[in-house]
Amino acid sequence: MNLSGIIEEIEKVDPEFQDRISPRRAAIKNITSFGSKVAVAAMPFAFSTLFKKAYGQTTTTSVNDVLNFALKLEYLEAAFYNAGVASSLAFSTSEKAYLQTIKGHENAHVAFLQGILGSAAVAQSTQGTNGTYDFTAGGTFPTVFSSVDTFFAVAQAFEDTGVRAYKGQAPNLLGNQVVLTAALNIHSVEARHASAVRQIRRARGAATTKPWITGANDTGIPAVNGNYAGEDNVLQGGVTITSLAGVSGNVAVNAATEAFDEPLTSAQVVVLVAPFGVK
């Protein structure tokens with residue numbers, strides 16, 4: 001990890017960053033000169049502390065609320081993939097390998113958000129039943145841990161919803177560009193997860209599933225209609241996309257809906273994840 005490079009990138013969006021962390025500049029310079037494995041392993045923890053030192057007094061309650069909202073979703077996803085990888089589901093070798101990758105990412109997202117929030121972070125024990133979720137969503141997906149197809153169907157809904165949720169919260173972070181950048185980085189990872197899970201479902205026989213959302217609920221699962229509400233929108237920036245000329249005639253409806261991910265509000269997302277135990 002090149003901490004000096006990361007700090008330089010932060011300074012591009014926050015020129016006052018060095019002033020925020022003063023008088024710790026010397027300590028940071030010393031840290032970046034460490035070459036031992038111990039120092040490298042400690043970097044994520046040191047960096048999360050650095051964020052708290054730099055922004056702890058200026059981060060508003062609304063930003064903390066947004067980050068805790070994201071943390072609740074990451075708790076849910078991390079627990080889901082932890083349980084999936086530990087289950088006896090008959091994943092193929094490639095499927096299991098990618099689930100391991102997603103699992104690592106989701107747990108890293110949890111640790112990162114906890115690090116930024118510090119003592120303000122909501123505890124996972126407040127979610128579900130003492131931190132244990134109902135991944136059947138009250139019986140809606142009774143075979144989630146006995147059917148690989150059901151597992152990936154729920155995974156797809158989680159990932160697509162996560163992408164839309166992060167996009168919906170981005171405007172609330174515009175006043176803190178460093179936190180916004182971090183959130184958008186997580187958003188991009190969630191988008192890659194969503195695309196990969198969709199590819200997996202397609203390979204398993206969900207023939208109409210593309211790597212991106214097409215219209216309103218292209219999953220073939222009626223129970224998740226709400227997760228895709230608004231994805232059939234063809235109006236962007238006041239322009240009806242289907243009225244624009246394409247290569248051969250006007251832009252098709254599917255192409256218009258595929259070109260944009262529609263945001264979800266926190267209120268919408270709360271309703272969607274409540275059946276799993278998110279509060």
# chains A, B, ... in the order shown; residues from 1 in each chain; ligands from 1
>>> residues_around(residues="stretch 121-134 of chain A", least_positions_apart="4", cutoff="9 Å", atoms="only C-alpha atoms", output="VMD selection string")
chain A and resid 64 67 to 69 71 to 72 75 to 76 79 to 80 113 to 117 138 to 139 274 to 279
>>> closest_atom_pairs(of="stretch 173-212 of chain A", to="stretch 149-155 of chain A", cutoff="12 Å", atoms="only C-alpha atoms", output="CSV")
residue,atom,partner,partner_atom,distance
A:Glu190,CA,A:Ala155,CA,11.3
A:His193,CA,A:Ala155,CA,9.2
A:Ala194,CA,A:Ala155,CA,8.2
A:Ser195,CA,A:Ala155,CA,11.1
A:Ala196,CA,A:Ala155,CA,10.5
A:Val197,CA,A:Phe152,CA,6.8
A:Arg198,CA,A:Phe152,CA,8.4
A:Gln199,CA,A:Phe152,CA,10.4
A:Ile200,CA,A:Phe152,CA,7.9
A:Arg201,CA,A:Phe152,CA,6.6
A:Arg202,CA,A:Phe152,CA,10.4
A:Ala203,CA,A:Asp149,CA,10.8
A:Arg204,CA,A:Asp149,CA,7.6
A:Gly205,CA,A:Asp149,CA,9.2
A:Ala206,CA,A:Asp149,CA,9.2
A:Thr209,CA,A:Ala153,CA,10.7
>>> write_last_selection(atoms="N, CA, C and O atoms", output="mmCIF file, in the first residue's frame")
data_model
loop_
_atom_site.group_PDB
_atom_site.id
_atom_site.type_symbol
_atom_site.label_atom_id
_atom_site.label_comp_id
_atom_site.auth_asym_id
_atom_site.auth_seq_id
_atom_site.Cartn_x
_atom_site.Cartn_y
_atom_site.Cartn_z
ATOM 1 N N GLU A 190 -19.460 -2.849 -5.682
ATOM 2 C CA GLU A 190 -20.777 -3.488 -5.637
ATOM 3 C C GLU A 190 -21.320 -3.686 -7.057
ATOM 4 O O GLU A 190 -21.975 -4.695 -7.344
ATOM 5 N N HIS A 193 -19.722 -6.698 -8.470
ATOM 6 C CA HIS A 193 -20.352 -7.885 -7.883
ATOM 7 C C HIS A 193 -21.666 -8.188 -8.594
ATOM 8 O O HIS A 193 -21.951 -9.340 -8.941
ATOM 9 N N ALA A 194 -22.480 -7.146 -8.767
ATOM 10 C CA ALA A 194 -23.795 -7.325 -9.389
ATOM 11 C C ALA A 194 -23.655 -7.908 -10.783
ATOM 12 O O ALA A 194 -24.373 -8.840 -11.165
ATOM 13 N N SER A 195 -22.716 -7.378 -11.551
ATOM 14 C CA SER A 195 -22.512 -7.858 -12.913
ATOM 15 C C SER A 195 -22.071 -9.323 -12.924
ATOM 16 O O SER A 195 -22.575 -10.138 -13.708
ATOM 17 N N ALA A 196 -21.154 -9.666 -12.025
ATOM 18 C CA ALA A 196 -20.643 -11.036 -11.973
ATOM 19 C C ALA A 196 -21.717 -12.021 -11.539
ATOM 20 O O ALA A 196 -21.839 -13.112 -12.111
ATOM 21 N N VAL A 197 -22.513 -11.650 -10.518
ATOM 22 C CA VAL A 197 -23.580 -12.541 -10.059
ATOM 23 C C VAL A 197 -24.604 -12.744 -11.169
ATOM 24 O O VAL A 197 -25.129 -13.851 -11.366
ATOM 25 N N ARG A 198 -24.878 -11.692 -11.919
ATOM 26 C CA ARG A 198 -25.806 -11.813 -13.045
ATOM 27 C C ARG A 198 -25.239 -12.767 -14.108
ATOM 28 O O ARG A 198 -25.978 -13.578 -14.685
ATOM 29 N N GLN A 199 -23.955 -12.676 -14.357
ATOM 30 C CA GLN A 199 -23.323 -13.585 -15.316
ATOM 31 C C GLN A 199 -23.424 -15.027 -14.838
ATOM 32 O O GLN A 199 -23.672 -15.952 -15.623
ATOM 33 N N ILE A 200 -23.225 -15.225 -13.538
ATOM 34 C CA ILE A 200 -23.329 -16.566 -12.967
ATOM 35 C C ILE A 200 -24.741 -17.102 -13.142
ATOM 36 O O ILE A 200 -24.941 -18.264 -13.537
ATOM 37 N N ARG A 201 -25.746 -16.267 -12.845
ATOM 38 C CA ARG A 201 -27.134 -16.718 -12.998
ATOM 39 C C ARG A 201 -27.437 -17.053 -14.455
ATOM 40 O O ARG A 201 -28.155 -18.024 -14.742
ATOM 41 N N ARG A 202 -26.921 -16.263 -15.369
ATOM 42 C CA ARG A 202 -27.145 -16.531 -16.794
ATOM 43 C C ARG A 202 -26.535 -17.878 -17.176
ATOM 44 O O ARG A 202 -27.149 -18.684 -17.879
ATOM 45 N N ALA A 203 -25.332 -18.127 -16.692
ATOM 46 C CA ALA A 203 -24.658 -19.393 -16.988
ATOM 47 C C ALA A 203 -25.404 -20.577 -16.392
ATOM 48 O O ALA A 203 -25.345 -21.698 -16.912
ATOM 49 N N ARG A 204 -26.135 -20.326 -15.305
ATOM 50 C CA ARG A 204 -26.895 -21.399 -14.656
ATOM 51 C C ARG A 204 -28.277 -21.589 -15.274
ATOM 52 O O ARG A 204 -29.044 -22.440 -14.830
ATOM 53 N N GLY A 205 -28.616 -20.769 -16.282
ATOM 54 C CA GLY A 205 -29.879 -20.989 -16.968
ATOM 55 C C GLY A 205 -30.854 -19.845 -16.932
ATOM 56 O O GLY A 205 -31.924 -19.923 -17.552
ATOM 57 N N ALA A 206 -30.524 -18.752 -16.210
ATOM 58 C CA ALA A 206 -31.401 -17.574 -16.231
ATOM 59 C C ALA A 206 -31.072 -16.807 -17.506
ATOM 60 O O ALA A 206 -30.426 -15.756 -17.492
ATOM 61 N N THR A 209 -31.072 -12.950 -18.149
ATOM 62 C CA THR A 209 -30.313 -12.060 -17.269
ATOM 63 C C THR A 209 -29.035 -11.592 -17.948
ATOM 64 O O THR A 209 -28.196 -12.394 -18.343
#
>>> closest_residue(among="A:Val234, A:Ala120, A:Ala183, A:Val144", to="A:Asp261", atoms="only C-alpha atoms")
A:Val234
>>> select_by_dssp(residues="stretch 48-251 of chain A", states="helix (DSSP H, G or I)", output="MDAnalysis selection string")
chainID A and resid 48:55 61:86 93:120 124:126 148:173 177:203 222:228 241:243
>>> atom_distance(atom1="atom CA of A:Thr140", atom2="atom CA of A:Ala78")
20.2 Å
>>> decode(residues="stretch 208-223 of chain A", atoms="N, CA, C and O atoms", output="tab-separated table (two decimals), in the first residue's frame")
chain	number	residue	atom	x	y	z
A	208	THR	N	-32.31	-14.82	-19.64
A	208	THR	CA	-32.62	-13.43	-19.96
A	208	THR	C	-31.82	-12.44	-19.11
A	208	THR	O	-31.89	-11.24	-19.33
A	209	THR	N	-31.07	-12.95	-18.15
A	209	THR	CA	-30.31	-12.06	-17.27
A	209	THR	C	-29.04	-11.59	-17.95
A	209	THR	O	-28.20	-12.39	-18.34
A	210	LYS	N	-28.90	-10.28	-18.07
A	210	LYS	CA	-27.69	-9.67	-18.64
A	210	LYS	C	-26.81	-9.17	-17.49
A	210	LYS	O	-27.23	-9.14	-16.33
A	211	PRO	N	-25.59	-8.72	-17.79
A	211	PRO	CA	-24.72	-8.20	-16.73
A	211	PRO	C	-25.21	-6.87	-16.15
A	211	PRO	O	-24.64	-6.36	-15.19
A	212	TRP	N	-26.24	-6.30	-16.73
A	212	TRP	CA	-26.79	-5.03	-16.27
A	212	TRP	C	-28.31	-5.14	-16.21
A	212	TRP	O	-28.93	-6.03	-16.82
A	213	ILE	N	-28.94	-4.25	-15.47
A	213	ILE	CA	-30.40	-4.28	-15.30
A	213	ILE	C	-31.07	-3.80	-16.57
A	213	ILE	O	-30.71	-2.78	-17.14
A	214	THR	N	-32.08	-4.55	-17.01
A	214	THR	CA	-32.87	-4.18	-18.17
A	214	THR	C	-34.32	-3.99	-17.74
A	214	THR	O	-35.00	-4.95	-17.36
A	215	GLY	N	-34.80	-2.75	-17.76
A	215	GLY	CA	-36.19	-2.49	-17.41
A	215	GLY	C	-36.50	-2.83	-15.96
A	215	GLY	O	-35.62	-2.95	-15.11
A	216	ALA	N	-37.78	-2.96	-15.68
A	216	ALA	CA	-38.23	-3.22	-14.33
A	216	ALA	C	-38.23	-4.71	-14.04
A	216	ALA	O	-38.97	-5.47	-14.65
A	217	ASN	N	-37.37	-5.14	-13.13
A	217	ASN	CA	-37.24	-6.53	-12.67
A	217	ASN	C	-37.03	-7.53	-13.81
A	217	ASN	O	-37.97	-8.17	-14.29
A	218	ASP	N	-35.80	-7.66	-14.18
A	218	ASP	CA	-35.44	-8.64	-15.21
A	218	ASP	C	-34.91	-9.93	-14.60
A	218	ASP	O	-34.29	-10.75	-15.28
A	219	THR	N	-35.16	-10.14	-13.31
A	219	THR	CA	-34.61	-11.30	-12.60
A	219	THR	C	-35.42	-12.57	-12.81
A	219	THR	O	-34.92	-13.67	-12.60
A	220	GLY	N	-36.70	-12.41	-13.15
A	220	GLY	CA	-37.59	-13.56	-13.22
A	220	GLY	C	-38.11	-13.97	-11.86
A	220	GLY	O	-38.70	-15.05	-11.71
A	221	ILE	N	-37.92	-13.10	-10.87
A	221	ILE	CA	-38.36	-13.39	-9.49
A	221	ILE	C	-39.36	-12.32	-9.07
A	221	ILE	O	-38.97	-11.20	-8.67
A	222	PRO	N	-40.66	-12.59	-9.13
A	222	PRO	CA	-41.67	-11.58	-8.80
A	222	PRO	C	-41.53	-11.00	-7.39
A	222	PRO	O	-41.87	-9.84	-7.16
A	223	ALA	N	-40.99	-11.78	-6.47
A	223	ALA	CA	-40.89	-11.33	-5.08
A	223	ALA	C	-39.99	-10.11	-4.90
A	223	ALA	O	-40.05	-9.43	-3.87
